[in-house]
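Student: Have a peek at coords.cif (mmCIF, C-alpha atoms).
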```cif
data_start
loop_
_atom_site.label_atom_id
_atom_site.label_comp_id
_atom_site.auth_asym_id
_atom_site.auth_seq_id
_atom_site.Cartn_x
_atom_site.Cartn_y
_atom_site.Cartn_z
CA MET V 29 -59.06 16.12 -2.75
CA HIS V 30 -56.25 18.48 -1.86
CA ILE V 31 -56.15 22.14 -1.00
CA ASP V 32 -54.56 23.89 -3.97
CA HIS V 33 -53.65 27.02 -2.03
CA THR V 34 -54.91 29.35 0.62
CA THR V 35 -55.08 33.11 0.17
CA LEU V 36 -54.70 35.37 3.16
CA ARG V 37 -55.50 39.07 3.07
CA THR V 38 -53.36 40.93 5.56
CA SER V 39 -52.51 44.46 6.62
CA ALA V 40 -49.03 43.22 7.64
CA LEU V 41 -47.85 41.83 4.31
CA GLU V 42 -44.10 41.74 4.93
CA GLU V 43 -44.40 40.40 8.48
CA THR V 44 -46.80 37.67 7.37
CA LYS V 45 -44.52 36.68 4.47
CA ASP V 46 -41.52 36.49 6.79
CA PHE V 47 -43.57 34.44 9.28
CA PHE V 48 -44.46 31.76 6.71
CA ILE V 49 -40.88 31.60 5.42
CA ARG V 50 -39.38 31.39 8.91
CA ILE V 51 -41.91 28.98 10.46
CA PHE V 52 -42.84 26.69 7.56
CA GLY V 53 -39.77 26.98 5.34
CA LEU V 54 -41.78 28.23 2.37
CA THR V 55 -39.98 30.16 -0.34
CA GLU V 56 -41.04 33.23 -2.24
CA GLY V 57 -41.87 32.34 -5.82
CA THR V 58 -43.15 33.80 -9.04
CA ARG V 59 -46.67 35.09 -9.57
CA PRO V 60 -48.53 35.41 -12.87
CA ALA V 61 -47.72 38.78 -14.45
CA VAL V 62 -51.30 40.05 -14.51
CA ILE V 63 -51.70 39.32 -10.78
CA ALA V 64 -48.30 40.74 -9.85
CA ALA V 65 -49.03 43.93 -11.81
CA ASN V 66 -52.39 44.53 -10.14
CA ILE V 67 -52.40 43.03 -6.65
CA PRO V 68 -49.64 43.66 -4.10
CA GLY V 69 -48.61 40.39 -2.51
CA TYR V 70 -46.58 37.21 -2.61
CA TRP V 71 -46.91 33.59 -3.60
CA LEU V 72 -45.10 31.33 -1.18
CA TYR V 73 -44.08 27.92 -2.43
CA TRP V 74 -43.69 24.51 -0.84
CA LYS V 75 -41.41 22.52 -3.11
CA GLU V 76 -42.67 23.24 -6.66
CA SER V 77 -46.17 24.48 -5.82
CA PRO V 78 -47.53 27.82 -4.66
CA LEU V 79 -49.25 26.93 -1.39
CA VAL V 80 -49.91 30.27 0.34
CA HIS V 81 -50.95 33.42 -1.51
CA LEU V 82 -50.66 36.65 0.46
CA ILE V 83 -52.39 39.84 -0.63
CA GLN V 84 -52.26 43.31 0.87
CA SER V 85 -55.42 44.57 2.54
CA PRO V 86 -56.40 47.97 1.18
CA PRO V 87 -55.70 50.76 3.69
CA ASP V 88 -59.40 51.69 3.69
CA TYR V 89 -60.60 48.06 3.96
CA SER V 90 -64.21 47.48 4.89
CA PRO V 91 -66.49 44.62 3.85
CA SER V 92 -68.31 45.33 0.58
CA LEU V 93 -69.30 43.61 -2.63
CA GLU V 94 -65.63 43.52 -3.68
CA TYR V 95 -64.38 42.15 -0.35
CA SER V 96 -66.31 39.49 1.52
CA SER V 97 -67.17 40.04 5.16
CA GLU V 98 -66.82 36.27 5.58
CA ALA V 99 -63.50 34.81 6.65
CA ILE V 100 -61.84 31.43 6.67
CA ASP V 101 -61.62 30.24 10.26
CA HIS V 102 -58.25 28.56 9.76
CA THR V 103 -56.06 26.76 7.28
CA ALA V 104 -54.50 23.39 8.06
CA PHE V 105 -51.21 22.12 6.70
CA TYR V 106 -50.31 18.43 6.65
CA MET V 107 -46.71 18.18 7.88
CA GLU V 108 -44.13 15.68 9.06
CA ASP V 109 -41.83 15.64 12.13
CA HIS V 110 -44.11 16.78 14.95
CA GLU V 111 -41.30 16.98 17.52
CA GLY V 112 -38.96 18.86 15.17
CA PHE V 113 -41.63 21.43 14.32
CA LYS V 114 -42.58 21.85 17.99
CA LYS V 115 -38.90 22.44 18.88
CA LYS V 116 -38.60 24.98 16.07
CA LEU V 117 -41.57 26.94 17.42
CA GLU V 118 -40.09 26.85 20.93
CA ASP V 119 -36.66 27.95 19.65
CA LEU V 120 -38.31 30.85 17.79
CA GLN V 121 -40.50 31.64 20.82
CA VAL V 122 -43.72 31.25 18.83
CA ARG V 123 -46.74 30.59 21.03
CA TYR V 124 -48.78 27.50 20.15
CA SER V 125 -51.23 24.99 21.55
CA SER V 126 -51.37 21.25 20.96
CA MET V 127 -54.09 18.67 20.50
CA ASP V 128 -53.48 14.93 20.38
CA LEU V 129 -56.15 12.74 18.76
CA PRO V 130 -54.98 9.17 19.42
CA ASP V 131 -58.24 7.64 18.19
CA ILE V 132 -57.46 8.83 14.66
CA GLY V 133 -53.65 8.79 14.95
CA GLU V 134 -53.14 12.55 14.67
CA ARG V 135 -51.30 15.23 16.59
CA ARG V 136 -52.07 18.88 15.93
CA ILE V 137 -50.34 22.15 16.69
CA PHE V 138 -52.18 25.47 16.46
CA LEU V 139 -50.46 28.84 16.04
CA ARG V 140 -51.27 32.32 14.79
CA THR V 141 -49.71 34.61 12.20
CA PRO V 142 -48.50 38.06 13.32
CA THR V 143 -51.98 39.48 12.63
CA GLY V 144 -53.85 36.68 14.40
CA ILE V 145 -54.87 34.30 11.60
CA LEU V 146 -55.27 30.80 13.05
CA LEU V 147 -53.14 28.06 11.48
CA GLU V 148 -53.33 24.35 12.20
CA THR V 149 -50.61 21.81 11.51
CA VAL V 150 -51.59 18.15 11.25
CA PHE V 151 -49.18 15.26 11.87
CA ARG V 152 -50.28 11.66 11.19
CA LYS V 153 -48.60 8.49 12.35
#
```
Render the structure in this file as structure tokens.

Tutor:
Amino acid sequence: MHIDHTTLRTSALEETKDFFIRIFGLTEGTRPAVIAANIPGYWLYWKESPLVHLIQSPPDYSPSLEYSSEAIDHTAFYMEDHEGFKKKLEDLQVRYSSMDLPDIGERRIFLRTPTGILLETVFRK
């Protein structure tokens, strides 16, 4: 099983897009016409696949039948080059925390988007 994509609703659309491009090296890609015509946002690609979908929160956002009051706690991205990514965050002065899990051969780095969404990066040996 793989995560196909994650969709984040944000009131800071441009800042969040720039964050994912700058931190993860994603690129802005095409969106289906019907979505692009009706929902402000971006699809950000990793290689050939849209991985992160960003959509604009309505200015009068409040939980309702159209918008769930539930939220995803975090999204995790499998990545390579733990030390290189950590250095990139430090060079860009992005705050993060780390967790090493030697019993399962993983290292994790946690960071937040400009609006506070928690992201996890997973590095396996």

Student: Run the PyMOL selection byres ((chain V and resi 80) around 8) mentally over the shown coordinates, then write out the matched residues as number ranges by chain, using the chain letters and numbers from the document.

Tutor: V: 33-36, 71-73, 78-79, 81-82

Student: Residues picked by the PyMOL selection byres ((chain V and resi 146-152) around 6) here, as a list of chain:residue names?

Tutor: V:His102, V:Thr103, V:Ala104, V:Phe105, V:Tyr106, V:Met107, V:Glu108, V:Gly133, V:Glu134, V:Arg135, V:Arg136, V:Ile137, V:Phe138, V:Leu139, V:Arg140, V:Ile145, V:Lys153

Student: Hey, what's within 10 Å of V:Gln84 if we count only C-alpha atoms and toss same-chain stuff fewer than 6 positions away? As an MDAnalysis selection string, please?

Tutor: chainID V and resid 36:42 67:70

Student: How many Å separate atom CA of V:Gln121 from atom CA of V:Lys75?

Tutor: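 These two atoms are separated by 25.6 Å.
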
Student: Once you add 3 Å to each side, what are the centre and edge lengths of the axis-aligned box holding all listed atoms of stretch 146-149 of chain V? One decimal in Å, as AutoDock Vina command-line options, if you can.

Tutor:
```
--center_x -52.9 --center_y 26.3 --center_z 12.3 --size_x 10.7 --size_y 15.0 --size_z 7.6
```

Student: Which one of V:Ala65, V:His110, V:Lys116, V:Ile132 sits closest to V:Gly53 if you count all atoms listed in the file?

Tutor: V:Lys116

Student: Ranking V:Asp32, V:Ala61, V:Ile51, V:Glu43 by minimum distance to V:Glu118 and counting only C-alpha atoms, which one comes first?

Tutor: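 Between V:Asp32, V:Ala61, V:Ile51, V:Glu43, the residue approaching V:Glu118 most closely is V:Ile51.
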
Student: Grab the atom CA of V:Met127 to atom CA of V:Thr55 distance for me, in Å with one decimal place.

Tutor: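 Between these atoms lies a distance of 27.7 Å.
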
Student: Under the rule that all atoms listed in the file are counted, which of V:Lys114, V:Arg59, V:Arg50, V:Lys45 is the nearest residue to V:Ser126?

Tutor: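 Checking each of V:Lys114, V:Arg59, V:Arg50, V:Lys45 against V:Ser126, counting all atoms listed in the file, the winner is V:Lys114.
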
Student: Go ahead and compute the interatomic distance for atom CA of V:Asp128 and atom CA of V:Gly112, in Å to one decimal.

Tutor: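 It comes out at 15.9 Å.
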
Student: Counting only C-alpha atoms, figure out which residue out of V:Asp131, V:Ile31, V:Phe52, V:Ala64 gets nearest to V:Leu117.

Tutor: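 Distance minimum relative to V:Leu117 lands on V:Phe52.
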
Student: Just checking: using only C-alpha atoms, which residue out of V:Tyr124, V:Ser85, V:Pro130, V:Trp74 ends up closest to V:Ile49?

Tutor: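 Counting only C-alpha atoms, the residue closest to V:Ile49 is V:Trp74.
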
Student: Please work out which residues fall within 7 Å of (-46.9, 36.0, 12.1), coordinates as given in the file, with all atoms listed in the file counting, and return them as a short mmCIF file (atom, residue, chain, number, x, y, z; two decimals) with C-alpha atoms, in the frame of the given file.

Tutor:
```cif
data_model
loop_
_atom_site.label_atom_id
_atom_site.label_comp_id
_atom_site.auth_asym_id
_atom_site.auth_seq_id
_atom_site.Cartn_x
_atom_site.Cartn_y
_atom_site.Cartn_z
CA GLU V 43 -44.40 40.40 8.48
CA THR V 44 -46.80 37.67 7.37
CA PHE V 47 -43.57 34.44 9.28
CA ARG V 140 -51.27 32.32 14.79
CA THR V 141 -49.71 34.61 12.20
CA PRO V 142 -48.50 38.06 13.32
CA THR V 143 -51.98 39.48 12.63
#
```
